[in-house]
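Asker: There's a structure below that I have some questions on.
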Amino acid sequence: MKFSLQKGSGPFYATLFVFALLYAGAALHFPGFAAPGVFVDFFSDNAFLGVAAVGITFVLLSGGIDLSVGAMIGFTSIVVAVLIGKHGVNPFVAIAVALALGTLLGAAMGALIRYFALPPFLVTLAGMFFARGMGFVISVESLSINHPVYTVLSEWKLNLGAVQIPLTALILLAAVAIASYIAKYTRFGRNVYALGGNTEAANLMGLPVGPTQVRIYAFSGFCSALAGVVYSIYSASGNPSAGSGLELDAIAATVIGGTLLTGGVGGVPGTLVGVLIFGIIQTGITFQGNLSSWWTKIAVGLLLLLFVLLQKFFMRGAAKA
Amino acid sequence: MSITIHARATKSTATEGFAMPEPVSEPQQSAVPLLSMRGTRKQFPGVLALDGVDFTLRAGEIHALMGENGAGKSTLIKVLTGVYPKDGGEALLEGRLWEAKSPGHAQQCGVSTVYQEVNLIPTLSVAENIFLGRQPGGARINWRAIKKGAEAALARLNLSIDVSRTLSSYSIAIRQMVAIARALDIQAKILILDEPTSSLDADEVARLFSVMRRLKDEGLGIIFVTHFLNQVFEVTDRITVLRNGRLVGEYETAALTRLELVARMLGKEVKDLEDAPRVQHAEEVRKEPMLRAHGVGRRNAVAPLDLELAPGEVMGLAGLLGSGRTETARLIFGADRLDCGAIEIDGKPVAISSPRKAIDNRLGFCPEDRKTEAIIPDLTVRENIILALQAGRGWRKRLSRKKQDELADHYIKALSIATPSPEQAVKNLSGGNQQKCILARWLASNPRLLILDEPTRGIDVGSRAEIERLILKLCDDGMAILMVSSELEELARLSHRVAVMRDREKIAELSGDAVTENGIMQAIGGAAS
Amino acid sequence: MSTTQGAASAIQPAPQKRKGPSPLLWPLAALALLLALNLAFTPGFFHVSVKDGRLFGSLIDVLNRAAPVMLLSLGMTLVIATRGVDLSVGAVMAITGALAAWLITTSHAGVPAVVCMALGLALVCGLWNGVLVAFLDIQPIVATLILMVAGRGIAQLITNGQIITFENPGMAFIGGGFFLGLPFPVTIVAVTLLITALLTRRTALGLFIESVGNNETASRYAGVNSAMVKVAVYAFCGLCAGLAGMIPMSDIKGADANNAGLYLELDAILSVVIGGTSLDGGRFQLVGSIIGALIIQTLTTTILSRGVQVEFTLVVKALVVLAVCLLQSEGFRQMAGRHFVRKAA
């Protein structure tokens, strides 16, 4: 078996292959699909999903789950909007406050999971209710942000001649790059993989299991807060109901990107490809015109099934070797 | 006396702070032992796993830690390395009072361990497993250095493999070697190897031993846990024997024979055994075998073997831990799948591919690990007792509550299960009473063959005698019983025949007058005539 | 003297009596407390009026509105008892609602036939989940996530993205009718609860479910067919979700594939946990889950009728989840126990 040489990256290559296939198919089928601008839109339109998925990737790699990210997007985006719009806070300070809040909430969830041995599913579910509820408490209505700085942020584009890349896409790329680095080149990153591979063994190997676990959820909290900020830039507004149900899309994108839900295998680049597959499906269905949007959901569900079965296959191969 | 040591130790700790202790460069056999544990106590719910154990390790020696399952070897090591906090006793590392707060802390203090279960991350590469938690490079892990370092570490074990592949793509033996390479690569003063050789072949063992000898010459203290007697005599200098959480003694390896070691591990005096009269069995009834197994085996567990069991017969399965006795029992019940061989019941071939199939053929099985494989902890005594019978009847034919109560009451009385009520959750019972509940579960389903794996382990003396009486009575009533036990005396007393296992092979079958404790011991020790 | 006694009792394991407080005590106490608060502070909360032989009032409203979650929580209880979870129930509600609405508007089938077909589809959905979990050995969260994501798309496929509305008094009765003076959904819940209780307690299924959830290996060694038990509970959970899906569809006389049952899976899981069934599987409390669902609905209704910002409901829910988790956590209990002993001493 050729794949057995690189078991960890098998699912990743499968994802890349599916992406290439979908892209090539759509590009051939729809005139104009191959335009660079469309490709850039995959990034900018899904930037907040992508940034949140980066955080969730770490959680899933460690064998946990985080349901709070979608609600956190709504919460942080409205925090930023209210701070700027109603209290006249400098946008950068407001963004910093939102990021700090997200990180703190994530760390608190991590601490509950670690030190009271509570199931991540329930703790992050509570986190989801809390963040969503607090978002609504702050403001029920969505609030547009009319600050000169924000106008600049949401309209600024990196001009590369052929394409112009908006800030949100750059944030996504930066988040993916930095998180990939953390995952690959720092002890914290490697400990995340070790935890997901076998928590008991990680403890016996002398790794700092407790602090790592808390940091993972803090990191995911930070990422989802950043995703909220990205949302506020993308839409130039804050909306307490933004990102509803997004946690499941993020989990699906991560799994499609080759991260095993049992933990230990996968990576951030795969998640980016998973998010881009989302983008292709959505854009493709828009291009098609007469296909309705719900096909996106069905396609994502089918892809999820395909990749879960694929992962089973890879894991079984690994177990047999 | 101990108080003065204590005071001195504390003082020296205070003056030197928590600096890393210097590597040992003193001559071997120095006055201060490398490690000395005194009166170590560890209590688990319901079990006193370590009861005042002393252990001393000198620099430059290989020290075997021996004992049967449940003797406390692994617990002692886990207490030493900070996996479990200890409940009593103290440890001196190079004469200084010391306690590992966590496995990581133990590692920093120079205590490196290969635990019994493979303690590596299967999903990561070989190289990374060797360097996890101590990767070179500060803010940016230097992967090239890791790869080189890993290759060098494995080269010390004469192993040349692709270190960038995931650990899970290699055999258990290689994984074990990787775990050893990791432990060796950590600059350690004490190296603990908990059953490192259980999956290695002869060549690999030889390589490991040559490395161990070299490290010993460099002044390391090595704790070596194994159940292979040959290896103990081949490589170790001294032996500490534990039994039932207590220290039996510390011996020079050269001064001990194999038989003496086995006797100490099992808690018998060799001399007494040799003189002891053989317990007379009931008349040997050789009926037509009820179950016949031909060449049943499973890769990495049991070499193909034959077994026959007749109604009314107790067959003992003897052997040391890891000899394949438990694996054999599990194979017959279908808890693990057979790789080869066939099983016949009443002369007709049957496919026992799962426990359900076994139960359909009226087999019953009390597993060795009561907690994880036998009891349903939160359910009541009544529910635990009726479970197998009910499973056999299917979900639609529920036993009436009245019938359930009758059964529960009957077996609570018949087996004198000490429980305040049949509605007590079984997890609240003592080990012996839990075991009786599991026995009752099978008796209620009326099997023809009952497989008992260590039915009396961790059980108080009173319950134990009751369980033994019960086994004999069942056998009188015509049930066939296959019993695994590390208590040779018990096996000899209860069994009509005994199959002896060593290194995953059946090496002998004793019957009639040969079924004596000493006979079994001789067979296990390999001195069979 | 008292100090030593306190310390000793803290060290000793909990008294090993079977006759402890009923597991329903805490959920019941919480519900009673909520109702008492309402009695004291919410005028008219307990007021029930009779119009045309039908009962109206806040209490009736709580019962009626909690019905879908109560139904979901019955199936979810059994799934959680096997150490699983089913995230797809909300989507299954949408699917069955959509199918029923579509059938009633496009075919000549009668209401019973339509309901049967919708429930049949729900059963298939549940079986699908069960097969993924039991035979393909996929973690329950992931296995049911697939249908959760795709299910809503399937529902929209059935309705073609529209909100299908219908005028059919028979169909509208399911969610909007009255029976014995009470809203009909209350009857549906009562009958389902009764059937579930009979099915689990009058057959050996309940025993098998609890033993598989508590210790799967030991159950298999005792001869329990754990795979079939799992398939059965997921199938049953799907069926309950289908039933729950009938209510909002019938109530609004239409199928809204986008919003029907949205987030109700979380409320259902919450009800089960509040009701005293642990996410670790094992013992389950059907009545407890019903009480859990009532607690959540009472909380929501209270907040609404108190004129507190509606938005606080979610924050309160979050705190309730956390409190329940902590109360069930061994670590927290020990910590609280130690603290208490120290204070007492």
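Chain labels run A, B, ... following the order of the structure tokens; each chain numbers its residues from 1, and ligands are numbered from 1 in the order shown.
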For chain B, which residues have at least one atom within 6 Å of chain C, if we go by only C-alpha atoms? Write them as an MDAnalysis selection string, please.

Answerer: chainID B and resid 355:356 373:374 376 388 391 395:396 398 424

Asker: Those residues you just picked out, can you put them in a file as a PDB file, in the first residue's frame with C-alpha atoms?

Answerer:
```pdb
ATOM      1  CA  PRO B 355     -18.869 -14.258  23.195  1.00  0.00           C
ATOM      2  CA  ARG B 356     -22.483 -14.541  22.084  1.00  0.00           C
ATOM      3  CA  GLU B 373     -14.620  -6.729  31.777  1.00  0.00           C
ATOM      4  CA  ALA B 374     -17.044  -8.328  34.179  1.00  0.00           C
ATOM      5  CA  ILE B 376     -21.589  -3.525  35.295  1.00  0.00           C
ATOM      6  CA  ALA B 388     -26.377 -13.349  31.087  1.00  0.00           C
ATOM      7  CA  ALA B 391     -29.278 -11.855  27.315  1.00  0.00           C
ATOM      8  CA  TRP B 395     -35.085  -8.632  24.986  1.00  0.00           C
ATOM      9  CA  ARG B 396     -38.713  -9.638  24.532  1.00  0.00           C
ATOM     10  CA  ARG B 398     -38.099 -10.374  30.128  1.00  0.00           C
ATOM     11  CA  GLN B 424     -27.224  -2.547  46.073  1.00  0.00           C
TER      12      GLN B 424
END
```

Asker: Compute the set of chain C residues within 10 Å of chain A, using only C-alpha atoms, and express it as a PyMOL selection string.

Answerer: chain C and resi 132+136-139+141-143+145-157+160-161+258+262-263+266+269-270+273+279-280+309-326+328-333+335

Asker: Residues of range 103-295 of chain A in strand (DSSP E or B) according to DSSP, as a PDB file with C-alpha atoms, in the first residue's frame?

Answerer:
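Contents of part_31.pdb, as written:
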```
ATOM      1  CA  LEU A 143     -25.375  47.478  14.457  1.00  0.00           C
ATOM      2  CA  SER A 144     -23.434  48.925  11.568  1.00  0.00           C
ATOM      3  CA  LYS A 157      -7.181  45.768  -0.729  1.00  0.00           C
ATOM      4  CA  LEU A 158      -3.728  44.480  -1.429  1.00  0.00           C
ATOM      5  CA  ASN A 159      -3.137  45.190  -5.097  1.00  0.00           C
ATOM      6  CA  GLN A 164      -6.863  42.514  -5.380  1.00  0.00           C
ATOM      7  CA  ILE A 165      -6.898  40.807  -2.042  1.00  0.00           C
ATOM      8  CA  PRO A 166      -9.106  42.236   0.691  1.00  0.00           C
ATOM      9  CA  SER A 237     -21.297  45.729  11.292  1.00  0.00           C
ATOM     10  CA  GLY A 238     -21.771  43.763  14.464  1.00  0.00           C
TER      11      GLY A 238
END
```

Asker: Would you mind listing, as a list in words, all residues of chain B that have at least one atom within 6 Å of chain A, where only C-alpha atoms are what counts?

Answerer: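 Within 6 Å of chain A on chain B, we get Pro103, Gly104, Asn119, Leu120, Ile121, Thr123, Gly133, Arg140, Ile141 and Ser169 of chain B.
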
Asker: Here is a test: counting only C-alpha atoms, which residue of B:Ala440, B:Ile345, B:Ile186, B:Ala64 is nearest to Leu470 in chain B?

Answerer: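 Looking only at the distances to Leu470 in chain B, the closest residue turns out to be B:Ala440.
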
Asker: Considering only alpha helix (DSSP H) as DSSP defines it on the backbone, what residues of range 2-231 of chain A qualify? List them as a PyMOL selection string.

Answerer: chain A and resi 10-29+36-45+47-61+69-87+91-115+120-138+148-155+167-185+187-197+199-204+209-231

Asker: Can you tell me how far CA of Leu24 in chain C sits from CA of Val287 in chain C, in Å to one decimal?

Answerer: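 Pair CA of Leu24 in chain C / CA of Val287 in chain C returns 7.8 Å.
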
Asker: So how far away is CA of Leu60 in chain A from CA of Gly267 in chain A, in Å?

Answerer: 9.9 Å

Asker: Enter the distance from CA of Asn158 in chain B to CA of Arg207 in chain B, in Å, rounded to one decimal.

Answerer: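 Computing it gives 7.2 Å between the two atoms.
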
Asker: Would you pick out the contacts of Tyr150 in chain A at 8 Å or less, using only C-alpha atoms, so that residues sharing its chain but fewer than 6 positions from it are not included, and give the list as a tab-separated table (two decimals) with C-alpha atoms, in the first residue's frame?

Answerer:
```tsv
chain	number	residue	atom	x	y	z
A	91	PRO	CA	-11.49	50.64	16.88
A	233	ILE	CA	-14.77	44.09	9.03
A	236	ALA	CA	-18.90	46.58	8.49
```

Asker: Quick one: everything within 8 Å of Gly110 in chain A, counting only C-alpha atoms, minus sequence neighbours fewer than 3 positions away in the same chain. Send it as a CSV table (one decimal) with N, CA and C atoms, in the first residue's frame.

Answerer:
```
chain,number,residue,atom,x,y,z
A,106,GLY,N,-12.5,31.3,26.4
A,106,GLY,CA,-11.9,30.0,26.0
A,106,GLY,C,-11.1,29.4,27.1
A,107,ALA,N,-10.3,30.2,27.7
A,107,ALA,CA,-9.4,29.7,28.8
A,107,ALA,C,-10.3,29.2,30.0
A,113,ILE,N,-13.0,22.2,31.8
A,113,ILE,CA,-12.8,20.9,31.2
A,113,ILE,C,-11.7,20.1,31.9
A,114,ARG,N,-10.6,20.8,32.1
A,114,ARG,CA,-9.4,20.2,32.7
A,114,ARG,C,-9.5,19.9,34.2
A,213,GLN,N,-4.0,21.7,27.7
A,213,GLN,CA,-5.4,21.6,27.4
A,213,GLN,C,-6.1,23.0,27.6
A,214,VAL,N,-5.8,23.7,28.7
A,214,VAL,CA,-6.4,25.0,28.9
A,214,VAL,C,-6.0,26.0,27.7
A,215,ARG,N,-4.7,25.9,27.3
A,215,ARG,CA,-4.2,26.8,26.2
A,215,ARG,C,-5.0,26.5,24.9
A,216,ILE,N,-5.3,25.2,24.7
A,216,ILE,CA,-5.9,24.9,23.4
A,216,ILE,C,-7.3,25.6,23.3
A,217,TYR,N,-8.1,25.5,24.4
A,217,TYR,CA,-9.4,26.2,24.4
A,217,TYR,C,-9.2,27.7,24.4
A,218,ALA,N,-8.2,28.2,25.1
A,218,ALA,CA,-7.9,29.7,25.0
A,218,ALA,C,-7.6,30.1,23.6
```

Asker: So, with only C-alpha atoms as the atoms that count, which of B:Ala255, B:Ala358, B:Ala59, B:Leu320 lies closest to Gly525 in chain B?

Answerer: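 Looking at the shortest contact to Gly525 in chain B, the residue is B:Leu320.
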
Asker: Considering only C-alpha atoms, return as a count of residues only whatever protein or nucleic-acid residues lie within 10 Å of Leu72 in chain C, sequence-local ones (same chain, fewer than 2 positions apart) excluded.

Answerer: 33

Asker: Write out as a ChimeraX atom specification which residues come within 7 Å of Glu308 in chain B when counting only C-alpha atoms, dropping same-chain ones fewer than 2 positions away.

Answerer: /B:289,291-293,306,310

Asker: Identify which of the residues C:Val131, C:Pro27, C:Val114, C:Ile163 lies closest to Ala257 in chain C, counting only C-alpha atoms when measuring atom-to-atom distances.

Answerer: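 Looking at the shortest contact to Ala257 in chain C, the residue is C:Ile163.
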